[in-house]
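Participant: There's a structure below that I have some questions on.
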Amino acid sequence: MKIASYEQEGVRRIGVVRGDSIVDTGFGGSMIELIARWDEVRPAFEKLDDNGALPLTNVRLVAPIARPGKIFAIGLNYADHIAESKMETPQRQVWFTKAQTSINGPFDPILIARNTVTADYEVELVAVIGKRGKHIAAEDAHEHVFGYCVGNDVTERMWQHAGPQWSLGKSFDTHAPIGPWITTADEADPHTLDLRCFVNGEQRQSSSTRHLVFDLWQQIEHLSAAMTLEPGDLIFTGTPGGVGAAMDPRQFLKPGDIVRCEIEGLGAIEGVMEAEA
Ligand code: ZN
């Protein structure tokens, strides 16, 4: 099932996407509440009929989860990106956070912050946690995933590398576009998905989640050794090679650039870069 958050005539709703249409679920709570109550809610969602379905083009899709409790992202998790970053393959997983306030709609403008010139893209598979858990073993981790969406781990490279801690450079407003909807875990294998990123139609990244260094199950085991994972928490699973910072010469995003990230079976998100006012 594909579950979207959308706005229609100023009202925020949760809908089920079927082909090019969206069906309102009538669910009154947030996406995080929906995820927490999924076992109870799912049968009614499956029975929704298409009466009142709207063309997707008639609604404004917004970030499927507006305020995730946590956003964690792994660095250096594809061999080609490690090589282009001139780093060693890490022996332990390298994690950083992105601020809640960096969440952005799937088709909303992405802001280039004042006095910065090194905005860069990173297409990533994003996993959405379903069932809460601590000390989750890798072999059980799949039971804790609600679904998947496309993410762009937009990064301010100068801020990222200003010190050993990357989180500020990863946390600028609008720098976590996600969407276009959540595809439930039963409909996707997180380790066989092709993913691509385009800037103004030019392909910059193209890989497969087959090439993850640490797979999603290892990531969940590692994170949940430190903290309780809760419904709606997001895990950005790493980016493949091809980022602008590694091009020769380096290519950073400029106002007007259009960045499109797509993952097989999960859809595509696309935002125009805009200078922050
Ligand atoms: Zn990343």
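Convention: chains lettered A, B, ... in structure tokens order; per-chain residue numbering from 1; ligands numbered from 1 as shown.
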Chain A near ligand 1 within 12 Å: what's each residue's closest atom pair and its distance in Å to one decimal, counting only C-alpha atoms and all ligand atoms, ordered by chain then ascending residue number, as a tab-separated table?

Facilitator:
residue	atom	partner	partner_atom_place_in_ligand_line	distance
A:Ile71	CA	ligand 1	1 (Zn)	11.5
A:Phe72	CA	ligand 1	1 (Zn)	9.7
A:Ala73	CA	ligand 1	1 (Zn)	6.1
A:Ile74	CA	ligand 1	1 (Zn)	6.3
A:Gly75	CA	ligand 1	1 (Zn)	5.7
A:Leu76	CA	ligand 1	1 (Zn)	7.9
A:Asn77	CA	ligand 1	1 (Zn)	8.6
A:Tyr78	CA	ligand 1	1 (Zn)	10.2
A:His81	CA	ligand 1	1 (Zn)	10.0
A:Ile82	CA	ligand 1	1 (Zn)	11.5
A:Val94	CA	ligand 1	1 (Zn)	10.7
A:Trp95	CA	ligand 1	1 (Zn)	9.6
A:Phe96	CA	ligand 1	1 (Zn)	9.1
A:Thr97	CA	ligand 1	1 (Zn)	10.1
A:Lys98	CA	ligand 1	1 (Zn)	9.8
A:Asp120	CA	ligand 1	1 (Zn)	10.1
A:Tyr121	CA	ligand 1	1 (Zn)	8.4
A:Glu122	CA	ligand 1	1 (Zn)	5.6
A:Val123	CA	ligand 1	1 (Zn)	7.5
A:Glu124	CA	ligand 1	1 (Zn)	6.7
A:Leu125	CA	ligand 1	1 (Zn)	9.7
A:Val126	CA	ligand 1	1 (Zn)	10.2
A:Gly151	CA	ligand 1	1 (Zn)	9.2
A:Asn152	CA	ligand 1	1 (Zn)	7.7
A:Asp153	CA	ligand 1	1 (Zn)	4.9
A:Val154	CA	ligand 1	1 (Zn)	7.6
A:Thr155	CA	ligand 1	1 (Zn)	7.8
A:Glu156	CA	ligand 1	1 (Zn)	11.3
A:Arg157	CA	ligand 1	1 (Zn)	11.3
A:Gln160	CA	ligand 1	1 (Zn)	11.0
A:Trp166	CA	ligand 1	1 (Zn)	10.3
A:Ser167	CA	ligand 1	1 (Zn)	10.8
A:Gly169	CA	ligand 1	1 (Zn)	10.9
A:Lys170	CA	ligand 1	1 (Zn)	8.3
A:Ser171	CA	ligand 1	1 (Zn)	11.3
A:His175	CA	ligand 1	1 (Zn)	10.9
A:Ala176	CA	ligand 1	1 (Zn)	10.0
A:Ile235	CA	ligand 1	1 (Zn)	10.2
A:Phe236	CA	ligand 1	1 (Zn)	6.7
A:Thr237	CA	ligand 1	1 (Zn)	7.3
A:Gly238	CA	ligand 1	1 (Zn)	4.8
A:Thr239	CA	ligand 1	1 (Zn)	5.0
A:Pro240	CA	ligand 1	1 (Zn)	8.6
A:Gly241	CA	ligand 1	1 (Zn)	10.6
A:Gly242	CA	ligand 1	1 (Zn)	11.9
A:Val243	CA	ligand 1	1 (Zn)	9.9

Participant: Using N, CA and C atoms, can you write the selected residues to a file as a compact mmCIF listing (two decimals), in the first residue's frame?

Facilitator:
# COMPACT_ATOMS: atom_id res chain seq x y z
N ILE A 71 15.52 11.61 13.20
CA ILE A 71 16.00 11.39 11.83
C ILE A 71 17.48 11.05 11.93
N PHE A 72 17.82 9.80 11.66
CA PHE A 72 19.22 9.38 11.66
C PHE A 72 19.63 9.06 10.23
N ALA A 73 20.90 9.32 9.93
CA ALA A 73 21.41 9.04 8.59
C ALA A 73 22.81 8.46 8.72
N ILE A 74 23.11 7.49 7.88
CA ILE A 74 24.41 6.83 7.93
C ILE A 74 25.31 7.44 6.85
N GLY A 75 26.57 7.65 7.21
CA GLY A 75 27.55 8.16 6.24
C GLY A 75 28.38 7.03 5.67
N LEU A 76 28.99 7.27 4.51
CA LEU A 76 29.98 6.35 3.95
C LEU A 76 29.45 4.92 3.90
N ASN A 77 28.34 4.72 3.15
CA ASN A 77 27.71 3.40 3.16
C ASN A 77 27.56 2.78 1.78
N TYR A 78 28.21 3.39 0.76
CA TYR A 78 28.32 2.74 -0.56
C TYR A 78 29.81 2.84 -0.95
N HIS A 81 30.88 5.80 -3.14
CA HIS A 81 30.85 7.10 -2.45
C HIS A 81 32.02 7.22 -1.47
N ILE A 82 32.40 6.12 -0.84
CA ILE A 82 33.56 6.14 0.05
C ILE A 82 34.82 6.47 -0.75
N VAL A 94 28.92 4.87 10.78
CA VAL A 94 29.10 6.30 11.06
C VAL A 94 27.73 6.97 10.96
N TRP A 95 27.25 7.53 12.06
CA TRP A 95 25.90 8.08 12.09
C TRP A 95 25.90 9.57 12.41
N PHE A 96 24.93 10.26 11.85
CA PHE A 96 24.68 11.65 12.22
C PHE A 96 23.17 11.85 12.22
N THR A 97 22.75 12.99 12.77
CA THR A 97 21.31 13.28 12.78
C THR A 97 21.00 14.43 11.82
N LYS A 98 19.76 14.47 11.39
CA LYS A 98 19.22 15.63 10.69
C LYS A 98 18.10 16.19 11.57
N ASP A 120 24.52 20.46 -1.71
CA ASP A 120 24.75 19.26 -2.52
C ASP A 120 23.59 18.28 -2.27
N TYR A 121 23.42 17.35 -3.21
CA TYR A 121 22.32 16.37 -3.15
C TYR A 121 22.86 15.00 -2.74
N GLU A 122 21.99 14.16 -2.19
CA GLU A 122 22.31 12.75 -1.91
C GLU A 122 21.01 11.95 -1.96
N VAL A 123 20.79 11.22 -3.03
CA VAL A 123 19.59 10.37 -3.06
C VAL A 123 19.78 9.21 -2.10
N GLU A 124 18.73 8.89 -1.35
CA GLU A 124 18.83 7.80 -0.36
C GLU A 124 17.49 7.09 -0.19
N LEU A 125 17.58 5.79 0.03
CA LEU A 125 16.42 5.05 0.52
C LEU A 125 16.19 5.43 1.99
N VAL A 126 14.96 5.79 2.32
CA VAL A 126 14.61 6.14 3.70
C VAL A 126 13.66 5.07 4.25
N GLY A 151 14.34 9.78 -0.23
CA GLY A 151 14.83 10.95 0.49
C GLY A 151 15.99 11.58 -0.23
N ASN A 152 16.17 12.87 0.01
CA ASN A 152 17.34 13.59 -0.47
C ASN A 152 18.03 14.16 0.77
N ASP A 153 19.20 13.60 1.07
CA ASP A 153 19.96 14.07 2.25
C ASP A 153 20.76 15.30 1.81
N VAL A 154 20.04 16.40 1.61
CA VAL A 154 20.69 17.63 1.14
C VAL A 154 21.70 18.08 2.20
N THR A 155 22.85 18.50 1.72
CA THR A 155 24.00 18.73 2.60
C THR A 155 24.68 20.04 2.26
N GLU A 156 25.04 20.80 3.27
CA GLU A 156 25.91 21.97 3.10
C GLU A 156 27.34 21.49 3.37
N ARG A 157 28.12 21.29 2.29
CA ARG A 157 29.42 20.62 2.45
C ARG A 157 30.39 21.39 3.34
N GLN A 160 29.32 20.79 6.78
CA GLN A 160 29.53 19.38 7.14
C GLN A 160 30.96 19.15 7.60
N TRP A 166 29.04 16.02 11.71
CA TRP A 166 28.40 16.46 10.46
C TRP A 166 27.01 17.08 10.64
N SER A 167 26.41 16.94 11.82
CA SER A 167 24.97 17.17 11.91
C SER A 167 24.52 18.57 11.49
N GLY A 169 25.78 20.54 9.23
CA GLY A 169 25.80 20.63 7.76
C GLY A 169 24.72 19.82 7.09
N LYS A 170 24.05 18.97 7.88
CA LYS A 170 23.00 18.09 7.35
C LYS A 170 21.60 18.56 7.77
N SER A 171 21.54 19.64 8.54
CA SER A 171 20.29 19.99 9.23
C SER A 171 19.66 21.30 8.82
N HIS A 175 16.28 20.72 4.11
CA HIS A 175 17.31 19.82 3.57
C HIS A 175 17.02 18.34 3.78
N ALA A 176 15.77 18.01 4.12
CA ALA A 176 15.38 16.59 4.15
C ALA A 176 14.05 16.40 3.42
N ILE A 235 15.19 6.55 9.00
CA ILE A 235 16.59 6.17 8.81
C ILE A 235 16.95 6.42 7.34
N PHE A 236 17.86 7.36 7.11
CA PHE A 236 18.44 7.57 5.78
C PHE A 236 19.59 6.57 5.64
N THR A 237 19.52 5.71 4.62
CA THR A 237 20.39 4.52 4.58
C THR A 237 21.70 4.72 3.82
N GLY A 238 22.01 5.96 3.44
CA GLY A 238 23.29 6.23 2.79
C GLY A 238 23.12 6.57 1.32
N THR A 239 24.15 7.25 0.78
CA THR A 239 24.07 7.68 -0.61
C THR A 239 25.16 7.04 -1.45
N PRO A 240 24.85 6.73 -2.72
CA PRO A 240 25.88 6.19 -3.62
C PRO A 240 26.79 7.30 -4.16
N GLY A 241 27.77 6.90 -4.96
CA GLY A 241 28.68 7.87 -5.55
C GLY A 241 27.98 8.81 -6.51
N GLY A 242 28.68 9.91 -6.84
CA GLY A 242 28.15 10.85 -7.82
C GLY A 242 27.74 12.18 -7.25
N VAL A 243 28.08 12.45 -5.98
CA VAL A 243 27.69 13.74 -5.40
C VAL A 243 28.47 14.87 -6.07

Participant: Could you give me the residues within range 40-251 of chain A that DSSP places in strand (DSSP E or B), as a short mmCIF file (atom, residue, chain, number, x, y, z; two decimals) with C-alpha atoms, in the first residue's frame?

Facilitator:
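Result went into states.cif, see below:
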data_model
loop_
_atom_site.label_atom_id
_atom_site.label_comp_id
_atom_site.auth_asym_id
_atom_site.auth_seq_id
_atom_site.Cartn_x
_atom_site.Cartn_y
_atom_site.Cartn_z
CA LEU A 54 -9.03 12.32 -6.81
CA PRO A 55 -6.37 12.59 -9.51
CA ARG A 60 -0.58 18.90 -3.01
CA LEU A 61 1.53 16.08 -1.61
CA VAL A 62 3.36 17.09 1.57
CA ILE A 71 16.00 11.39 11.83
CA PHE A 72 19.22 9.38 11.66
CA ALA A 73 21.41 9.04 8.59
CA ILE A 74 24.41 6.83 7.93
CA GLY A 75 27.55 8.16 6.24
CA TYR A 78 28.32 2.74 -0.56
CA VAL A 94 29.10 6.30 11.06
CA TRP A 95 25.90 8.08 12.09
CA PHE A 96 24.68 11.65 12.22
CA THR A 97 21.31 13.28 12.78
CA ILE A 103 11.90 17.93 6.72
CA ASN A 104 10.55 19.20 3.40
CA ILE A 110 14.82 23.46 -1.33
CA LEU A 111 16.49 26.52 0.18
CA ILE A 112 20.11 27.50 -0.35
CA ALA A 119 24.61 22.82 -1.20
CA ASP A 120 24.75 19.26 -2.52
CA VAL A 123 19.59 10.37 -3.06
CA GLU A 124 18.83 7.80 -0.36
CA LEU A 125 16.42 5.05 0.52
CA VAL A 126 14.61 6.14 3.70
CA ALA A 127 13.17 3.53 6.06
CA VAL A 128 10.23 4.45 8.30
CA ILE A 129 10.15 2.66 11.66
CA GLY A 133 11.95 -1.50 19.89
CA VAL A 145 9.91 -1.32 9.53
CA PHE A 146 6.62 0.24 8.50
CA GLY A 147 7.70 1.21 5.01
CA TYR A 148 9.98 3.12 2.69
CA CYS A 149 10.20 6.40 0.84
CA VAL A 150 12.62 8.41 -1.27
CA GLY A 151 14.83 10.95 0.49
CA ASN A 152 17.34 13.59 -0.47
CA THR A 155 24.00 18.73 2.60
CA GLU A 156 25.91 21.97 3.10
CA ALA A 176 15.38 16.59 4.15
CA PRO A 177 12.81 16.30 1.36
CA ILE A 178 10.98 12.97 1.68
CA GLY A 179 8.18 11.26 -0.20
CA PRO A 180 6.34 11.23 -2.44
CA TRP A 181 4.53 8.76 -0.12
CA ILE A 182 5.35 5.79 2.10
CA THR A 183 5.28 2.37 0.42
CA THR A 184 4.51 -0.24 3.06
CA ASP A 194 17.63 0.97 -8.03
CA LEU A 195 18.04 4.63 -7.06
CA ARG A 196 18.98 7.68 -9.13
CA CYS A 197 19.46 11.41 -8.81
CA PHE A 198 19.23 13.97 -11.62
CA VAL A 199 20.14 17.67 -11.67
CA GLU A 202 21.43 15.17 -16.08
CA GLN A 203 21.95 11.89 -14.25
CA ARG A 204 24.40 12.35 -11.36
CA GLN A 205 23.84 9.24 -9.24
CA SER A 206 22.74 5.74 -10.27
CA SER A 207 23.13 2.68 -8.10
CA SER A 208 21.26 -0.03 -6.24
CA LEU A 212 24.94 -0.91 0.82
CA LEU A 229 13.30 3.30 17.92
CA LEU A 234 13.37 7.87 9.88
CA ILE A 235 16.59 6.17 8.81
CA PHE A 236 18.44 7.57 5.78
#

Participant: Would you mind reading off the distance between CA of Trp217 in chain A and CA of Ser85 in chain A, one decimal, in Å?

Facilitator: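 Interatomic distance, CA of Trp217 in chain A to CA of Ser85 in chain A: 24.6 Å.
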
Participant: For a test of reading the model, state the distance in Å between CA of Gly69 in chain A and CA of Gln100 in chain A, rounded to one decimal.

Facilitator: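 If I compute the distance from CA of Gly69 in chain A to CA of Gln100 in chain A, I get 7.4 Å.
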
Participant: With only C-alpha atoms as the basis for distance, which of A:Arg260, A:Glu33, A:Asp50, A:Asp215 is at the shortest distance from Val16 in chain A?

Facilitator: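 Comparing A:Arg260, A:Glu33, A:Asp50, A:Asp215 against Val16 in chain A, the winner is A:Asp50.
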
Participant: Using Å and a single decimal, report how far CA of Ala162 in chain A sits from CA of Met87 in chain A.

Facilitator: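 We find that CA of Met87 in chain A and CA of Ala162 in chain A lie 16.4 Å from each other.
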
Participant: Using only C-alpha atoms, pick whichever of A:Thr192, A:Gln218, A:Asn58, A:Gln165 has the shortest atom-to-atom distance to Ile263 in chain A.

Facilitator: A:Thr192
